[in-house]
Structure formats: C-alpha cells, structure tokens
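Peer 1: Here it is, the structure in full.
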Amino acid sequence: MADDNLSPDPTPARSGGVSAFLAKAVGVIVILVLAGLLALWGVQRYVSDRLTPDPTTIASASLAGLREQNRLSAFAARYVAVVTSKQSQLGFTTEKTLIMPGMVRYEVDMAKLTQADVAWDGTTKTLSVRLPAVEADGPQVDLNAVREYGSGGVLTTFTDAEKRLDAANRRAGQIELIRQAREPAMIKLARDATRRAVERSFAMPLRAAGIDATVAVRFADEPVANTERWDTSRSLQDVLGNAR
C-alpha cells in the first residue's frame with residue numbers, strides 16, 4: 001500500500017533554479033567581456049588616431065617652411081656672350097667685339113605656393129605639388145672677365161663711335177646671355193634640379209614620421225601628359241578645411 005505521507009522530491013526544482021542562475025551569470029559575463037573589448041577597441045582607436053602621423057599635417061608644415069624661404073634657387077649656370085657691333089660714318093667703318101661672361105640663377109617664388117597647390121591622395125599615398133614657373137634671375141656679369149677687341153680707326157679717334165659701340169655691345173651681351181639662359185634645355189635642367197630639391201623637402205619629414213609616400217612635383221607652366229591624373233587628389237586646403 002502506498003504511503004500517503006510521501007511528498008514530491010524538490011531536487012529537480014532546485015536544479016532548474018541553479019541552471020537558470022548560471023545561464024544569467026554567463027550572459028552577464030559575456031556582456032561584460034564584449035563591453036570590455038568594445039572599450040579597449042575604442043581606446044586603441046583613439047590612441048591610434050592621436051599617435052599616427054597625419055601626412056596632411058606634415059605636408060602643411062613642410063609647405064610653411066618652403067614659403068619662408070621666399071625664393072628657392074636650386075640651379076645656376078654660367079654663360080658667355082660674344083657680340084660684335086659696327087659703326088659707319090663719313091665713309092669710315094669701325095667695329096668692336098665684346099666677350100661677356102655671366103652667371104644666371106634659376107629661382108622659384110615660393111611665396112606664391114599655397115595649400116591649394118599641394119594635394120594628398122591617400123589611396124596611392126602620393127603627395128602632389130604644383131610649383132610656380134622657374135624664373136631666370138640675372139645675368140650677373142663677371143666684369144673682371146669681360147674682354148673687348150676692336151679695329152680702332154679714324155671714327156674711334158675723332159667721334160664718339162667707340163662709346164656707342166660699347167653701349168650697343170653691352171645691351172647685346174645682356175640680351176644674348178638671357179637668350180642662352182632661356183633655352184628649353186637649360187629650363188629643363190633648372191626644373192629638374194628644383195623638382196629634386198622640393199621633393200626632398202616634402203619626402204624627408206614624411207619618411208621620418210614612418211610614412212612611405214611618393215612626392216610628385218610639377219610646374220604650373222609645365223605641360224601635363226594626357227594620361228596624368230593630376231586632379232584626383234585632395235588639396236591640403238580642402239583636407240584641412242574639412243578638419244576644422
């Protein structure tokens with residue numbers, strides 16, 4: 001006969017309560033772990049943003065340094081002008097030849113360089129710089145090396161023909177020196193030297209900051225190849241303006 005005083009075993013109920021408690025505890029732990037990982041990621045992202053060098057900021061500092069130089073001269077060349085002038089008067093003719101050496105410096109007015117002329121392409125890690133045109137400064141004539149040769153004659157003795165010949169030769173010598181300095185081959189040499197100097201000025205700070213970037217320099221009056229994608233980058237003016 002069954003014992004009417006027997007009661008149901010409460011163990012299953014206690015076991016179910018413990019399981020529910022453990023499940024909730026595990027859920028809380030998972031949430032805390034996820035929250036911790038999220039917080040750690042946020043801290044790492046913040047530190048990374050603060051400590052990772054910004055190429056546009058570095059380029060802007062380099063730009064300011066170049067502008068302070070006012071005029072950059074990275075190339076100079078020495079030329080020699082040989083000119084001859086003649087004077088005829090009263091049936092007499094006289095002539096003088098002038099040999100005039102001179103130094104010409106090629107300069108770029110860096111004060112004209114603006115943030116709009118410097119662009120950063122984060123995709124290709126390329127910093128593009130557009131410089132003002134190269135200008136030939138001078139010539140600076142080496143007066144100690146100037147030589148004159150003339151035929152003399154009656155006109156140089158009794159008239160002012162010699163003074164006129166000297167003046168004409170000096171003007172012609174200056175013009176000839178400038179003509180030689182502006183030859184396309186010499187302008188190309190000046191551009192190449194200036195390009196290398198400016199590329200180094202921008203590339204060295206970037207490399208020092210651990211940024212592996214390419215610096216591409218061109219001149220405002222330099223022809224652009226049809227295949228060159230020059231305007232795909234964002235200028236420093238745009239980047240820094242959006243950051244404010």
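Residues are named by chain letter and number: chains run A, B, ... in the order of the structure tokens, numbers start at 1 in each chain, and ligands are numbered from 1 in the order shown.
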Excluding Met186 (chain A) and any residue of its chain fewer than 6 positions from it, enumerate the residues within 10 Å of it, using only C-alpha atoms, and give them as a VMD selection string.

Peer 2: chain A and resid 75 to 77 106 136 180 192

Peer 1: Quick one: residues within 8 Å of Ser73 (chain A), only C-alpha atoms, excluding same-chain residues fewer than 6 positions away - as a list of chain:residue names?

Peer 2: A:Arg105, A:Tyr106, A:Glu107, A:Val108, A:Thr194

Peer 1: Using only C-alpha atoms, which residues sit within 8 Å of Gln140 (chain A) once same-chain residues fewer than 2 positions away are excluded, as an NGL selection string?

Peer 2: :A and (102-104 or 138 or 142)

Peer 1: Write a file of the just-selected residues containing N, CA and C atoms, as a CSV table (one decimal), in the first residue's frame.

Peer 2:
```csv
chain,number,residue,atom,x,y,z
A,102,GLY,N,78.7,85.6,-67.8
A,102,GLY,CA,77.7,86.0,-66.8
A,102,GLY,C,77.1,84.8,-66.2
A,103,MET,N,76.7,84.9,-64.9
A,103,MET,CA,76.0,83.8,-64.2
A,103,MET,C,74.5,84.1,-64.1
A,104,VAL,N,73.8,83.1,-64.3
A,104,VAL,CA,72.3,83.1,-64.2
A,104,VAL,C,71.8,82.1,-63.2
A,138,GLY,N,68.9,87.4,-63.4
A,138,GLY,CA,70.2,87.9,-63.8
A,138,GLY,C,70.2,88.4,-65.3
A,142,ASP,N,80.3,89.0,-65.0
A,142,ASP,CA,81.6,88.9,-64.4
A,142,ASP,C,82.5,90.0,-65.0
```

Peer 1: Counting only C-alpha atoms, figure out which residue out of A:Gln69, A:Asn144, A:Gln115, A:Ser128 gets nearest to Ile99 (chain A).

Peer 2: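 Of A:Gln69, A:Asn144, A:Gln115, A:Ser128, the one nearest Ile99 (chain A), counting only C-alpha atoms, is A:Asn144.
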
Peer 1: Could you give me, as a list in words, the residues within 7 Å of Val83 (chain A), counting only C-alpha atoms and dropping anything in the same chain fewer than 4 positions from it?

Peer 2: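 Using only C-alpha atoms, the neighbours found are Thr97, Leu98, Ile99, Asn169, Ala172 and Gly173 of chain A.
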
Peer 1: Mind dumping the selected residues with N, CA and C atoms as an mmCIF file, in the first residue's frame?

Peer 2:
```
data_model
loop_
_atom_site.group_PDB
_atom_site.id
_atom_site.type_symbol
_atom_site.label_atom_id
_atom_site.label_comp_id
_atom_site.auth_asym_id
_atom_site.auth_seq_id
_atom_site.Cartn_x
_atom_site.Cartn_y
_atom_site.Cartn_z
ATOM 1 N N THR A 97 84.275 93.972 -80.694
ATOM 2 C CA THR A 97 83.737 92.685 -80.248
ATOM 3 C C THR A 97 83.844 92.608 -78.734
ATOM 4 N N LEU A 98 82.784 92.169 -78.118
ATOM 5 C CA LEU A 98 82.725 92.067 -76.659
ATOM 6 C C LEU A 98 82.523 90.607 -76.257
ATOM 7 N N ILE A 99 83.336 90.135 -75.337
ATOM 8 C CA ILE A 99 83.165 88.801 -74.745
ATOM 9 C C ILE A 99 82.731 89.018 -73.297
ATOM 10 N N ASN A 169 77.220 96.987 -77.534
ATOM 11 C CA ASN A 169 77.720 95.657 -77.188
ATOM 12 C C ASN A 169 77.215 95.199 -75.821
ATOM 13 N N ALA A 172 73.585 94.206 -76.229
ATOM 14 C CA ALA A 172 73.505 92.956 -76.991
ATOM 15 C C ALA A 172 74.023 91.780 -76.163
ATOM 16 N N GLY A 173 75.058 92.023 -75.346
ATOM 17 C CA GLY A 173 75.596 90.957 -74.498
ATOM 18 C C GLY A 173 74.588 90.500 -73.452
#
```

Peer 1: Using DSSP on the backbone coordinates, identify the residues of region 61-195 of chain A assigned to strand (DSSP E); present them as a ChimeraX atom specification.

Peer 2: /A:71-89,92-109,118-121,126-131,135-141,147-150

Peer 1: From a backbone DSSP assignment, name each residue in region 111-195 of chain A labelled helix (DSSP H, G or I), as a PyMOL selection string.

Peer 2: chain A and resi 111-112+115-117+143-145+154-158+161-181+184-195
